[in-house]
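Pasting work-v6.cif here (mmCIF, C-alpha atoms (C1' of nucleotides)):
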```cif
data_final
#
loop_
_atom_site.label_atom_id
_atom_site.label_comp_id
_atom_site.auth_asym_id
_atom_site.auth_seq_id
_atom_site.Cartn_x
_atom_site.Cartn_y
_atom_site.Cartn_z
CA MET A 2 15.98 -38.95 -15.43
CA LYS A 3 17.77 -35.69 -16.05
CA VAL A 4 15.92 -33.13 -18.10
CA LYS A 5 16.98 -32.77 -21.68
CA TRP A 6 16.27 -30.01 -24.11
CA THR A 7 15.98 -30.65 -27.80
CA CYS A 8 15.76 -27.95 -30.43
CA ILE A 9 12.96 -28.03 -32.96
CA LYS A 10 13.74 -24.88 -34.82
CA LYS A 11 16.00 -21.88 -34.67
CA ASP A 12 14.77 -18.50 -35.81
CA ARG A 13 16.84 -17.10 -38.65
CA ARG A 14 16.62 -13.45 -37.76
CA SER A 15 16.99 -13.57 -34.00
CA LEU A 16 18.43 -15.74 -31.27
CA ALA A 17 14.99 -17.25 -30.65
CA ARG A 18 14.56 -21.02 -30.55
CA ARG A 19 11.69 -23.41 -30.41
CA GLY A 20 12.28 -26.62 -28.51
CA THR A 21 11.09 -29.27 -26.10
CA LEU A 22 12.21 -29.77 -22.53
CA TRP A 23 11.91 -33.46 -21.70
CA THR A 24 11.24 -34.29 -18.07
CA SER A 25 10.09 -37.38 -16.24
CA HIS A 26 6.79 -35.58 -15.64
CA GLY A 27 6.21 -34.94 -19.30
CA PRO A 28 7.51 -32.75 -22.10
CA VAL A 29 7.38 -28.97 -22.01
CA GLU A 30 7.29 -27.00 -25.21
CA THR A 31 9.61 -24.01 -25.12
CA PRO A 32 9.84 -21.07 -24.96
CA VAL A 33 7.69 -21.48 -21.88
CA PHE A 34 6.32 -19.40 -19.04
CA MET A 35 6.25 -21.04 -15.61
CA PRO A 36 3.66 -19.79 -13.12
CA VAL A 37 5.13 -19.23 -9.68
CA GLY A 38 3.82 -21.22 -6.74
CA THR A 39 6.14 -20.04 -4.02
CA GLN A 40 4.58 -21.94 -1.15
CA ALA A 41 3.63 -25.01 -3.15
CA THR A 42 0.63 -23.22 -4.57
CA VAL A 43 0.12 -20.73 -7.32
CA LYS A 44 -1.72 -18.22 -5.19
CA SER A 45 -5.50 -18.72 -5.48
CA MET A 46 -5.24 -21.26 -8.31
CA ALA A 47 -6.05 -24.95 -8.10
CA PRO A 48 -3.87 -27.36 -10.10
CA PHE A 49 -6.69 -28.38 -12.42
CA GLU A 50 -7.24 -24.72 -13.29
CA LEU A 51 -3.56 -24.27 -14.08
CA GLU A 52 -3.65 -27.31 -16.27
CA GLU A 53 -6.75 -26.09 -18.03
CA MET A 54 -5.24 -22.71 -18.81
CA GLY A 55 -2.21 -24.38 -20.38
CA ALA A 56 0.41 -24.29 -17.64
CA ARG A 57 2.89 -27.14 -18.04
CA ILE A 58 5.59 -26.50 -15.48
CA LEU A 59 5.46 -24.70 -12.16
CA LEU A 60 8.03 -23.07 -9.95
CA SER A 61 8.20 -23.34 -6.20
CA ASN A 62 10.52 -22.03 -3.54
CA THR A 63 13.06 -23.71 -1.32
CA TYR A 64 13.37 -21.00 1.31
CA HIS A 65 9.65 -20.72 1.91
CA LEU A 66 8.98 -24.45 1.96
CA TYR A 67 12.00 -25.06 4.16
CA LEU A 68 10.48 -22.72 6.76
CA ARG A 69 6.95 -24.01 6.30
CA PRO A 70 6.02 -26.83 6.29
CA GLY A 71 9.60 -28.15 6.16
CA ALA A 72 11.20 -30.22 3.42
CA GLN A 73 11.02 -33.48 5.40
CA LEU A 74 7.27 -33.20 5.60
CA VAL A 75 6.95 -32.46 1.90
CA ASP A 76 9.15 -35.46 1.20
CA LYS A 77 7.06 -37.67 3.45
CA LEU A 78 3.89 -36.63 1.64
CA GLY A 79 5.13 -37.55 -1.78
CA GLY A 80 7.50 -34.72 -2.58
CA LEU A 81 6.21 -31.53 -4.11
CA HIS A 82 4.35 -33.38 -6.84
CA GLY A 83 2.38 -35.44 -4.39
CA PHE A 84 2.08 -32.74 -1.78
CA MET A 85 0.58 -30.11 -4.05
CA LYS A 86 -0.99 -32.61 -6.41
CA TRP A 87 0.72 -31.35 -9.54
CA ASP A 88 1.68 -34.12 -11.91
CA GLY A 89 3.56 -31.93 -14.36
CA PRO A 90 7.17 -30.86 -14.02
CA ILE A 91 8.24 -28.58 -11.19
CA LEU A 92 11.27 -26.37 -10.71
CA THR A 93 12.41 -25.14 -7.31
CA ASP A 94 14.22 -21.90 -6.84
CA SER A 95 17.02 -22.17 -4.33
CA GLY A 96 16.42 -19.25 -2.03
CA GLY A 97 18.95 -17.19 -3.93
CA PHE A 98 16.31 -14.61 -4.61
CA GLN A 99 15.54 -14.37 -0.91
CA VAL A 100 19.19 -13.49 -0.33
CA PHE A 101 18.27 -10.41 -2.34
CA SER A 102 14.70 -9.74 -1.29
CA LEU A 103 15.09 -10.40 2.43
CA GLY A 104 17.78 -7.73 2.52
CA PRO A 105 18.37 -6.81 6.16
CA LEU A 106 17.27 -10.23 7.40
CA ARG A 107 20.34 -11.97 6.10
CA LYS A 108 24.12 -12.12 6.26
CA ILE A 109 26.18 -13.39 3.36
CA ARG A 110 29.38 -15.30 4.06
CA GLU A 111 31.56 -17.58 1.99
CA GLU A 112 30.14 -20.57 3.78
CA GLY A 113 26.60 -19.58 2.94
CA VAL A 114 23.85 -17.21 3.98
CA GLU A 115 22.48 -16.73 7.44
CA PHE A 116 18.81 -15.87 7.31
CA ARG A 117 16.48 -14.64 9.96
CA SER A 118 13.12 -16.16 9.29
CA HIS A 119 10.68 -13.50 8.14
CA ILE A 120 8.05 -15.44 10.06
CA ASP A 121 9.44 -15.71 13.57
CA GLY A 122 12.90 -14.16 13.40
CA SER A 123 14.69 -17.46 14.06
CA LYS A 124 18.18 -17.94 12.59
CA HIS A 125 18.89 -20.34 9.74
CA LEU A 126 22.00 -21.06 7.75
CA PHE A 127 21.70 -21.86 4.07
CA THR A 128 24.77 -23.31 2.44
CA PRO A 129 25.03 -24.75 -1.07
CA GLU A 130 25.14 -28.18 0.54
CA SER A 131 22.13 -27.65 2.79
CA VAL A 132 20.11 -26.15 -0.03
CA MET A 133 20.83 -29.16 -2.22
CA GLN A 134 19.66 -31.43 0.54
CA THR A 135 16.46 -29.42 0.91
CA GLU A 136 15.80 -29.29 -2.81
CA GLU A 137 16.32 -33.02 -3.11
CA LEU A 138 13.75 -33.58 -0.39
CA LEU A 139 11.32 -31.27 -2.15
CA GLY A 140 11.90 -33.41 -5.21
CA ALA A 141 11.30 -31.04 -8.08
CA ASP A 142 12.37 -32.05 -11.59
CA ILE A 143 14.72 -29.11 -11.71
CA ALA A 144 16.60 -27.64 -8.77
CA MET A 145 18.32 -24.29 -9.05
CA ALA A 146 21.78 -23.84 -7.61
CA PHE A 147 22.10 -21.66 -4.54
CA ASP A 148 23.19 -18.23 -5.75
CA GLU A 149 23.14 -14.63 -4.77
CA CYS A 150 20.81 -12.38 -6.69
CA ILE A 151 22.88 -9.18 -6.70
CA PRO A 152 21.03 -5.95 -6.03
CA TYR A 153 21.05 -3.03 -8.42
CA PRO A 154 22.89 -0.81 -8.50
CA ALA A 155 26.08 -2.49 -7.29
CA THR A 156 29.72 -1.59 -7.73
CA TYR A 157 31.97 -3.51 -10.04
CA GLU A 158 34.00 -4.75 -7.10
CA TYR A 159 31.01 -6.06 -5.19
CA THR A 160 29.48 -7.60 -8.27
CA LYS A 161 32.71 -9.35 -9.13
CA ALA A 162 33.16 -10.76 -5.64
CA ALA A 163 29.53 -11.88 -5.42
CA THR A 164 29.56 -13.40 -8.88
CA GLU A 165 32.72 -15.38 -8.18
CA ARG A 166 31.24 -16.56 -4.92
CA THR A 167 28.09 -17.68 -6.74
CA SER A 168 30.30 -19.69 -9.10
CA ARG A 169 32.09 -21.32 -6.19
CA TRP A 170 28.72 -22.09 -4.65
CA ALA A 171 27.57 -23.59 -7.96
CA ALA A 172 30.52 -25.98 -7.87
CA ARG A 173 29.65 -26.91 -4.29
CA CYS A 174 26.02 -27.43 -5.27
CA LYS A 175 27.06 -29.71 -8.06
CA ALA A 176 29.33 -31.70 -5.77
CA ALA A 177 26.61 -32.02 -3.16
CA HIS A 178 23.77 -32.87 -5.51
CA THR A 179 23.07 -36.58 -5.66
CA ARG A 180 19.53 -37.22 -6.78
CA GLU A 181 19.54 -38.87 -10.18
CA ASP A 182 15.97 -38.02 -11.05
CA GLN A 183 16.53 -34.32 -10.49
CA SER A 184 18.43 -31.85 -12.66
CA LEU A 185 20.55 -29.08 -11.23
CA PHE A 186 20.75 -25.79 -13.12
CA GLY A 187 23.56 -23.31 -12.56
CA ILE A 188 22.82 -19.60 -12.45
CA VAL A 189 24.70 -16.93 -14.35
CA GLN A 190 25.23 -13.70 -12.43
CA GLY A 191 27.52 -10.79 -13.23
CA GLY A 192 25.24 -7.87 -12.54
CA MET A 193 25.17 -5.25 -15.25
CA PHE A 194 28.78 -5.80 -16.29
CA ALA A 195 29.31 -7.62 -19.56
CA ASP A 196 32.72 -8.96 -18.70
CA LEU A 197 31.46 -10.35 -15.39
CA ARG A 198 28.52 -11.98 -17.15
CA LYS A 199 31.03 -13.61 -19.43
CA LEU A 200 33.22 -14.74 -16.56
CA SER A 201 30.20 -16.18 -14.81
CA ALA A 202 28.87 -17.97 -17.88
CA GLN A 203 32.23 -19.48 -18.69
CA ALA A 204 32.76 -20.75 -15.17
CA LEU A 205 29.33 -22.38 -15.10
CA VAL A 206 29.50 -23.85 -18.58
CA GLU A 207 32.74 -25.47 -17.59
CA MET A 208 30.91 -27.23 -14.78
CA ASP A 209 28.51 -28.60 -17.38
CA PHE A 210 24.97 -28.19 -16.04
CA PRO A 211 21.93 -29.60 -17.86
CA GLY A 212 20.49 -26.08 -18.01
CA TYR A 213 21.34 -22.52 -17.06
CA GLY A 214 19.52 -19.82 -15.23
CA ILE A 215 20.23 -16.21 -16.02
CA GLY A 216 19.78 -14.39 -12.75
CA GLY A 217 20.20 -10.94 -11.35
CA LEU A 218 18.19 -9.24 -14.05
CA SER A 219 15.01 -7.22 -13.74
CA VAL A 220 16.13 -6.03 -10.33
CA GLY A 221 15.56 -2.34 -10.99
CA GLU A 222 17.74 -1.61 -14.00
CA GLU A 223 16.35 0.01 -17.13
CA LYS A 224 14.96 -2.46 -19.62
CA PRO A 225 17.47 -1.66 -22.36
CA VAL A 226 20.22 -2.55 -19.89
CA MET A 227 18.60 -5.88 -19.18
CA TYR A 228 18.17 -6.62 -22.88
CA GLU A 229 21.77 -5.74 -23.52
CA MET A 230 22.98 -8.07 -20.75
CA LEU A 231 20.70 -10.77 -22.03
CA GLU A 232 21.75 -10.72 -25.64
CA TYR A 233 25.33 -10.68 -24.51
CA THR A 234 24.82 -13.63 -22.16
CA THR A 235 22.74 -16.19 -24.06
CA PRO A 236 25.30 -16.75 -26.83
CA LEU A 237 27.82 -17.66 -24.15
CA LEU A 238 25.65 -20.61 -23.10
CA PRO A 239 25.60 -24.02 -24.81
CA GLU A 240 23.30 -24.30 -27.80
CA ASP A 241 21.87 -27.59 -26.66
CA LYS A 242 20.93 -26.62 -23.11
CA PRO A 243 17.87 -24.73 -21.92
CA ARG A 244 18.25 -21.12 -20.80
CA TYR A 245 16.06 -19.79 -18.09
CA LEU A 246 15.66 -16.06 -17.50
CA MET A 247 14.75 -15.92 -13.85
CA GLY A 248 11.98 -13.74 -12.54
CA VAL A 249 10.99 -12.11 -15.77
CA GLY A 250 7.46 -12.01 -16.94
CA SER A 251 5.94 -8.77 -18.20
CA PRO A 252 4.58 -9.39 -21.71
CA ASP A 253 7.13 -7.12 -23.37
CA CYS A 254 10.04 -8.67 -21.48
CA LEU A 255 8.89 -12.16 -22.45
CA VAL A 256 8.89 -11.24 -26.11
CA GLU A 257 12.25 -9.50 -25.86
CA GLY A 258 13.64 -12.45 -23.94
CA VAL A 259 12.51 -14.97 -26.53
CA LEU A 260 14.08 -12.85 -29.26
CA ARG A 261 17.35 -13.07 -27.33
CA GLY A 262 17.33 -16.82 -27.03
CA VAL A 263 15.63 -17.51 -23.71
CA ASP A 264 13.68 -20.76 -23.36
CA MET A 265 12.14 -20.52 -19.90
CA PHE A 266 10.70 -17.73 -17.79
CA ASP A 267 8.95 -17.43 -14.47
CA CYS A 268 7.38 -14.47 -12.77
CA VAL A 269 5.05 -13.55 -9.94
CA LEU A 270 3.77 -10.60 -11.92
CA PRO A 271 0.62 -12.14 -13.42
CA THR A 272 -0.62 -13.48 -10.10
CA ARG A 273 0.53 -10.56 -7.99
CA ILE A 274 -0.85 -7.76 -10.11
CA GLY A 275 -3.91 -9.90 -10.72
CA ARG A 276 -4.60 -10.09 -7.00
CA ASN A 277 -4.04 -6.35 -6.85
CA GLY A 278 -6.52 -5.61 -9.58
CA THR A 279 -4.45 -5.12 -12.72
CA VAL A 280 -4.76 -7.30 -15.81
CA PHE A 281 -2.83 -7.70 -19.03
CA THR A 282 -4.78 -7.16 -22.23
CA SER A 283 -3.97 -7.11 -25.91
CA GLN A 284 -4.23 -3.31 -25.59
CA GLY A 285 -1.87 -2.99 -22.64
CA LYS A 286 -2.50 -2.94 -18.92
CA LEU A 287 -5.93 -2.42 -17.45
CA VAL A 288 -6.64 -1.54 -13.83
CA ILE A 289 -9.98 -3.19 -13.31
CA ARG A 290 -10.73 -1.24 -10.11
CA ASN A 291 -10.98 1.99 -12.07
CA ALA A 292 -14.30 3.81 -12.09
CA LYS A 293 -14.49 3.84 -15.86
CA TYR A 294 -15.25 0.11 -15.86
CA LYS A 295 -18.15 0.41 -13.47
CA GLU A 296 -20.76 -0.37 -16.11
CA ASP A 297 -18.53 -1.94 -18.75
CA PRO A 298 -20.17 -5.12 -20.06
CA ARG A 299 -17.10 -6.21 -22.01
CA PRO A 300 -14.69 -8.95 -20.89
CA LEU A 301 -11.26 -7.99 -19.53
CA ASP A 302 -9.82 -8.56 -23.00
CA GLU A 303 -12.09 -9.03 -25.96
CA LYS A 304 -9.51 -11.19 -27.70
CA CYS A 305 -9.00 -13.52 -24.75
CA GLY A 306 -10.42 -17.01 -24.41
CA CYS A 307 -9.78 -17.57 -20.71
CA TYR A 308 -12.46 -18.65 -18.27
CA ALA A 309 -12.81 -15.12 -16.87
CA CYS A 310 -13.16 -13.53 -20.29
CA ARG A 311 -15.56 -16.14 -21.58
CA ASN A 312 -17.93 -15.59 -18.67
CA PHE A 313 -17.66 -12.28 -16.88
CA SER A 314 -17.89 -8.56 -17.53
CA ARG A 315 -15.42 -5.92 -16.44
CA ALA A 316 -18.25 -4.42 -14.39
CA TYR A 317 -18.65 -7.66 -12.47
CA ILE A 318 -14.97 -8.25 -11.86
CA ARG A 319 -14.56 -4.62 -10.79
CA HIS A 320 -17.41 -5.17 -8.36
CA LEU A 321 -15.64 -8.21 -6.94
CA PHE A 322 -12.50 -6.16 -6.33
CA ASN A 323 -14.39 -3.26 -4.87
CA THR A 324 -16.14 -5.50 -2.42
CA GLY A 325 -12.98 -7.46 -1.60
CA GLU A 326 -14.38 -10.74 -2.86
CA ILE A 327 -11.80 -13.52 -3.38
CA LEU A 328 -13.21 -14.47 -6.74
CA GLY A 329 -11.95 -11.18 -8.14
CA ALA A 330 -8.36 -12.13 -7.36
CA ARG A 331 -8.94 -15.59 -8.79
CA LEU A 332 -10.44 -14.38 -12.03
CA ALA A 333 -7.76 -11.75 -12.57
CA SER A 334 -5.02 -14.30 -11.82
CA THR A 335 -6.64 -16.79 -14.16
CA HIS A 336 -6.77 -14.22 -16.90
CA ASN A 337 -3.22 -12.96 -16.44
CA LEU A 338 -1.73 -16.44 -16.36
CA TYR A 339 -3.72 -17.47 -19.41
CA PHE A 340 -2.63 -14.29 -21.14
CA LEU A 341 1.08 -15.03 -20.66
CA LEU A 342 0.73 -18.72 -21.38
CA ASN A 343 -1.11 -17.86 -24.56
CA LEU A 344 1.47 -15.25 -25.46
CA MET A 345 4.17 -17.90 -25.23
CA ALA A 346 2.12 -20.27 -27.35
CA GLU A 347 1.84 -17.57 -30.00
CA LEU A 348 5.57 -17.02 -29.93
CA ARG A 349 6.26 -20.75 -30.21
CA LEU A 350 3.97 -21.02 -33.21
CA ALA A 351 5.49 -17.95 -34.79
CA ILE A 352 9.00 -19.37 -34.50
CA GLN A 353 7.81 -22.60 -35.98
CA GLU A 354 6.09 -20.84 -38.87
CA ASP A 355 8.94 -18.45 -39.50
CA ARG A 356 7.09 -15.27 -38.71
CA LEU A 357 8.46 -14.35 -35.32
CA GLU A 358 9.47 -10.85 -36.29
CA GLU A 359 5.96 -9.92 -37.27
CA THR A 360 4.35 -11.60 -34.26
CA ALA A 361 6.84 -10.12 -31.83
CA GLY A 362 6.27 -6.68 -33.31
CA ARG A 363 2.53 -7.00 -32.97
CA LEU A 364 2.70 -8.26 -29.37
CA LEU A 365 5.16 -5.57 -28.42
CA ALA A 366 3.09 -2.77 -29.92
CA ALA A 367 0.57 -2.85 -27.09
CA TRP A 368 3.33 -2.53 -24.48
CA GLN A 369 5.86 -0.22 -26.05
CA GLU A 370 4.45 3.01 -24.68
CA GLU A 371 3.65 1.50 -21.32
CA LYS A 372 7.16 1.81 -19.99
"C1'" G B 23 -44.93 18.54 31.01
"C1'" G B 24 -39.85 18.33 33.75
"C1'" A B 25 -34.26 17.30 33.69
"C1'" G B 26 -30.04 16.48 30.85
"C1'" G B 27 -26.98 15.33 26.35
"C1'" G B 28 -26.02 16.32 21.27
"C1'" A B 29 -25.82 18.42 16.01
"C1'" U B 30 -18.29 18.75 12.61
"C1'" U B 31 -15.95 18.38 6.00
"C1'" C B 32 -19.28 11.92 1.39
"C1'" C B 33 -20.04 8.54 6.15
"C1'" C B 34 -18.41 7.47 11.23
"C1'" G B 35 -15.84 10.33 14.52
"C1'" A B 36 -11.69 13.69 17.27
"C1'" G B 37 -11.53 18.71 18.32
"C1'" U B 38 -15.24 23.39 22.56
"C1'" U B 39 -8.78 26.80 28.84
"C1'" G B 40 -11.02 31.26 21.36
"C1'" G B 41 -5.68 31.89 17.28
"C1'" C B 42 -0.57 26.55 15.70
"C1'" C B 43 -8.04 24.17 12.21
"C1'" A B 44 -9.72 23.38 5.62
"C1'" A B 45 -10.12 20.89 10.74
"C1'" A B 46 -6.84 14.16 13.94
"C1'" G B 47 -8.14 9.15 12.91
"C1'" G B 48 -10.96 5.43 10.46
"C1'" G B 49 -14.26 4.19 6.46
"C1'" G B 50 -15.67 5.08 1.65
"C1'" G B 51 -14.17 7.14 -3.01
"C1'" C B 52 -10.33 8.28 -6.78
"C1'" A B 53 -5.60 7.20 -8.85
"C1'" G B 54 -0.80 4.80 -8.98
"C1'" A B 55 2.94 0.94 -8.09
"C1'" C B 56 3.94 -4.24 -8.34
"C1'" U B 57 9.02 -8.76 -12.69
"C1'" G B 58 13.42 -16.24 -9.37
"C1'" U B 59 6.18 -13.56 -3.88
"C1'" A B 60 8.10 -10.96 3.92
"C1'" A B 61 2.42 -8.70 -1.05
"C1'" A B 62 -5.72 -10.68 -1.34
"C1'" U B 63 0.10 -5.77 -0.42
"C1'" C B 64 1.92 -0.87 -0.55
"C1'" U B 65 1.77 4.52 -1.89
"C1'" G B 66 -0.58 9.18 -3.01
"C1'" C B 67 -4.94 12.30 -3.35
"C1'" U B 68 -9.80 13.19 -1.29
"C1'" G B 69 -14.04 21.62 0.12
"C1'" G B 70 -13.24 25.29 -4.16
"C1'" C B 71 -9.92 28.21 -7.04
"C1'" A B 72 -6.77 32.21 -11.19
"C1'" C B 73 -3.55 26.84 -5.52
"C1'" U B 74 4.03 29.32 -1.88
"C1'" G B 75 -2.00 32.62 -1.46
"C1'" C B 76 -7.21 33.58 -1.59
"C1'" C B 77 -12.42 32.12 -1.02
"C1'" U B 78 -16.40 29.12 1.26
"C1'" U B 79 -17.14 25.40 5.43
"C1'" C B 80 -18.08 22.72 11.49
"C1'" G B 81 -27.41 22.49 12.36
"C1'" A B 82 -29.74 27.95 11.28
"C1'" A B 83 -29.75 33.15 12.26
"C1'" G B 84 -27.67 36.96 14.99
"C1'" G B 85 -23.88 38.76 18.50
"C1'" U B 86 -19.00 39.32 21.40
"C1'" U B 87 -13.78 39.68 19.67
"C1'" C B 88 -8.13 42.01 16.22
"C1'" G B 89 -9.55 36.75 15.56
"C1'" A B 90 -14.92 31.69 16.68
"C1'" A B 91 -15.95 24.67 14.97
"C1'" U B 92 -14.69 26.50 19.92
"C1'" C B 93 -17.88 32.11 23.97
"C1'" C B 94 -23.21 34.49 24.24
"C1'" U B 95 -28.59 34.82 22.46
"C1'" U B 96 -32.70 32.90 19.86
"C1'" C B 97 -34.49 29.16 16.71
"C1'" U B 98 -34.67 24.04 14.34
"C1'" C B 99 -33.91 18.93 14.76
"C1'" C B 100 -32.16 14.37 17.38
"C1'" C B 101 -31.19 11.21 21.85
"C1'" U B 102 -31.63 9.69 27.17
"C1'" C B 103 -34.06 9.81 31.91
"C1'" C B 104 -38.37 11.31 35.06
"C1'" A B 105 -43.74 12.02 34.58
#
```
Here is a file; write its structure as C-alpha cells.
Amino acid sequence: MKVKWTCIKKDRRSLARRGTLWTSHGPVETPVFMPVGTQATVKSMAPFELEEMGARILLSNTYHLYLRPGAQLVDKLGGLHGFMKWDGPILTDSGGFQVFSLGPLRKIREEGVEFRSHIDGSKHLFTPESVMQTEELLGADIAMAFDECIPYPATYEYTKAATERTSRWAARCKAAHTREDQSLFGIVQGGMFADLRKLSAQALVEMDFPGYGIGGLSVGEEKPVMYEMLEYTTPLLPEDKPRYLMGVGSPDCLVEGVLRGVDMFDCVLPTRIGRNGTVFTSQGKLVIRNAKYKEDPRPLDEKCGCYACRNFSRAYIRHLFNTGEILGARLASTHNLYFLLNLMAELRLAIQEDRLEETAGRLLAAWQEEK
RNA sequence: GGAGGGAUUCCCGAGUUGGCCAAAGGGGGCAGACUGUAAAUCUGCUGGCACUGCCUUCGAAGGUUCGAAUCCUUCUCCCUCCA
C-alpha cells in the first residue's frame, strides 16, 4: 500500500500538526524523528535497541547501498526490511544528498549525475530512472525522488536551473516508479530564494506525490534563513500530505520545524556527534570527553530515562571515550537518539494537549544561546 | 676490572659540520567542530609571561665563543660487550 497521512490535530497558534503516517509496516505518529541508517544500519545500534528507545521509522541510503552491497543482493535477501531485520517502516534517500556532499566526485547533467565511487573511484551514472529501479529493489516503504541538494551559497541563476532540473527529474521519477507497495516522495528545492521555493513546490504538488520532502536546507545558511524558507514553504504543500524536512535534527531545529508544520525529520547528528563524544541534554550540549566530567557520578542528563542514563555515570562514559572503547560510542548514540525521539514525543503530546507554545519555549530555552 | 654507547621539553623520540631550536614527528593531555553520514572523523592548542618581544629549558657543575641541546673538562646515572 501507499503511505497515507491523517491529521489528528492542528495547533491553533502555529503551523504545527499532530498526525499518523500509515504504512504497511505499521503506523508512525508524527511529528517524528527518523534515525539515519545510511548503510542499512544505524551506526552502532542494533534494531532491537532502536525499537526499545522508541524509533519507529528509519532512513537508509540508495547511493551507499547501491555501491555496497548492491541493490540486487538486498532484494534477494528480503529487501531492506529483511536484510537489516527492521520490521518497521523504512525510507530511502535517493542519493540526492550525495550529489551535494560528494562534491568533486560527481558531474551533474540533465540526464542524471555521474558519480565516481568514493570507495574505488569507479564511474557510475545515476538517473531518475536508475535510482527508481534501485530504490524499488531496496524496497523501502518510502522512496525519495532523485534530486539535487543545492549547495549554499548559490546564485539565483544556478539555483533556478538546478531547481527546475530537480522538478523535471521528479516527473521522470514518478513516470519510472512502478512498485505499488512503495510511496514516492517529491523533494522541494529552491535554495534560499522564496520565489524559487514556490516554483518548486507548485511544480511538485501538481505532480501529486503522497508526501513531500523539503530539501536543500541546513546546508550552511544561518538558522533564521532556514526558518524563513521553511515557514514560507510548508503552506505551499497540501494539508493532507506529510512534509519531511530532510537532514535536520538539532533539538532546536526540530522544535522550530514542528512549529512551522513539518511532520518528519531525519538527521545523522545524534549518532555522529554521539560517536564523537558529544551528547544532547536538557541543559544543552555536553562534551563528555571534557576533563570536568572525570569524576562526575551523574548520568549524561539527569532528566533522561535512556539505557545509558539509567545505568552509567558521566565519569564512566568519559572513560570509555578516553580509552577508545566502542561502548562509549554506543551509549552516547543511544542517549542522543533517545533524547530526540523523546523530544518529538513531548512535542506530539503538547500539540495534542494544546500547550505547544509553552513546551516549545521550554525545550528551546536550553538551546537558544548555543548557536 | 677493561672497552664502547647513551642521558632532549608530560612520555617515546629527531636534532650534536655551533647560530634558521622553545627545539621535527608520534603518543598522551586539553579544547573545539559535526544537521537527507566519503566521519568510531576532523581541527586547534600543548615551557612561562606583563606574549609582534622577553625569561627559563635539552642529566649536573664549570669552561670556550659575539652566540652552545650541539665543542671542551669534571661529576652523576643508565645500557651493551669482554673479564
Subject >> Pairwise distance for atom CA of Glu326 of chain A and atom CA of Asp121 of chain A, rounded to one decimal in Å >> reply: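 Distance between the two atoms: 29.4 Å.
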Original post:
U59 of chain B: which residues within 12 Å, counting all atoms listed in the file, same-chain residues fewer than 4 positions away excluded, as a PyMOL selection string?
Top reply: (chain A and resi 36-44+60-62+64-65+94+96+98-99+102-103+248+267-274+276) or (chain B and resi 63)
Original post:
Quick one: which residues end up in the PyMOL selection byres ((chain A and resi 202-211) around 8) for this structure, as number ranges by chain?
Top reply: A: 3-5, 168, 171-172, 184-190, 198-201, 212-213, 234, 237-239, 242-243
Original post:
Residues at most 8 Å from segment 94-102 of chain B, counting only C-alpha atoms (C1' of nucleotides), excluding those fewer than 4 positions away in the same chain, as a list in words?
Top reply: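 Listed by chain and then number, they are G26, G27, G28, A29, G81, A82, A83, G84, G85 and U86 of chain B.
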**OP:** Report the distance between atom CA of Gly278 of chain A and atom CA of Met227 of chain A in Å, rounded to one decimal place.
**Re:** 26.9 Å
**OP:** Return as a list in words the residues belonging to chain B that are within 10 Å of chain A, counting all atoms listed in the file.
**Re:**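 Only these qualify: G51, C52, A53, G54, A55, C56, U57, G58, U59, A60, A61, A62 and U63 of chain B.
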For the residues in that selection, give me C-alpha atoms (C1' of nucleotides) as a PDB file, in the coordinates of the input.
```pdb
ATOM      1  C1'   G B  51     -14.170   7.140  -3.010  1.00  0.00           C
ATOM      2  C1'   C B  52     -10.330   8.280  -6.780  1.00  0.00           C
ATOM      3  C1'   A B  53      -5.600   7.200  -8.850  1.00  0.00           C
ATOM      4  C1'   G B  54      -0.800   4.800  -8.980  1.00  0.00           C
ATOM      5  C1'   A B  55       2.940   0.940  -8.090  1.00  0.00           C
ATOM      6  C1'   C B  56       3.940  -4.240  -8.340  1.00  0.00           C
ATOM      7  C1'   U B  57       9.020  -8.760 -12.690  1.00  0.00           C
ATOM      8  C1'   G B  58      13.420 -16.240  -9.370  1.00  0.00           C
ATOM      9  C1'   U B  59       6.180 -13.560  -3.880  1.00  0.00           C
ATOM     10  C1'   A B  60       8.100 -10.960   3.920  1.00  0.00           C
ATOM     11  C1'   A B  61       2.420  -8.700  -1.050  1.00  0.00           C
ATOM     12  C1'   A B  62      -5.720 -10.680  -1.340  1.00  0.00           C
ATOM     13  C1'   U B  63       0.100  -5.770  -0.420  1.00  0.00           C
TER      14        U B  63
END
```
**OP:** Mind checking which residues fall within 10 Å of C93 of chain B, counting all atoms listed in the file, ignoring those fewer than 6 positions away in the same chain, and posting them as JSON, numbers by chain?
**Re:** {"B": [38, 40, 86, 87]}
Shell around C34 of chain B at 12 Å using all atoms listed in the file, local window under 5 positions removed, as a short mmCIF file (atom, residue, chain, number, x, y, z; two decimals) with C-alpha atoms (C1' of nucleotides), in the frame of the given file:
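File part_25.cif, as written:
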```cif
data_model
loop_
_atom_site.label_atom_id
_atom_site.label_comp_id
_atom_site.auth_asym_id
_atom_site.auth_seq_id
_atom_site.Cartn_x
_atom_site.Cartn_y
_atom_site.Cartn_z
"C1'" G B 47 -8.14 9.15 12.91
"C1'" G B 48 -10.96 5.43 10.46
"C1'" G B 49 -14.26 4.19 6.46
"C1'" G B 50 -15.67 5.08 1.65
#
```
Subject >> Interatomic distance, atom CA of Ser25 of chain A to atom CA of Leu92 of chain A (Å, one decimal) >> reply: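 Atom CA of Ser25 of chain A sits 12.4 Å away from atom CA of Leu92 of chain A.
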**OP:** Spell out the residues picked by the PyMOL selection byres ((chain A and resi 319) around 7) here, as a PyMOL selection string.
**Re:** chain A and resi 289-290+294-295+315-318+320-323
Original post:
Taking the file as shown, what set of residues would the PyMOL selection byres ((chain A and resi 302) around 12) give back, as number ranges by chain?
Top reply: A: 280-289, 297-301, 303-315, 333, 336-337, 339-340
**OP:** Using only C-alpha atoms (C1' of nucleotides), determine which residues lie at most 8 Å from segment 73-84 of chain A, disregarding the query and same-chain residues fewer than 4 positions distant; provide the list as a PyMOL selection string.
**Re:** chain A and resi 41+88-89+91+138-141
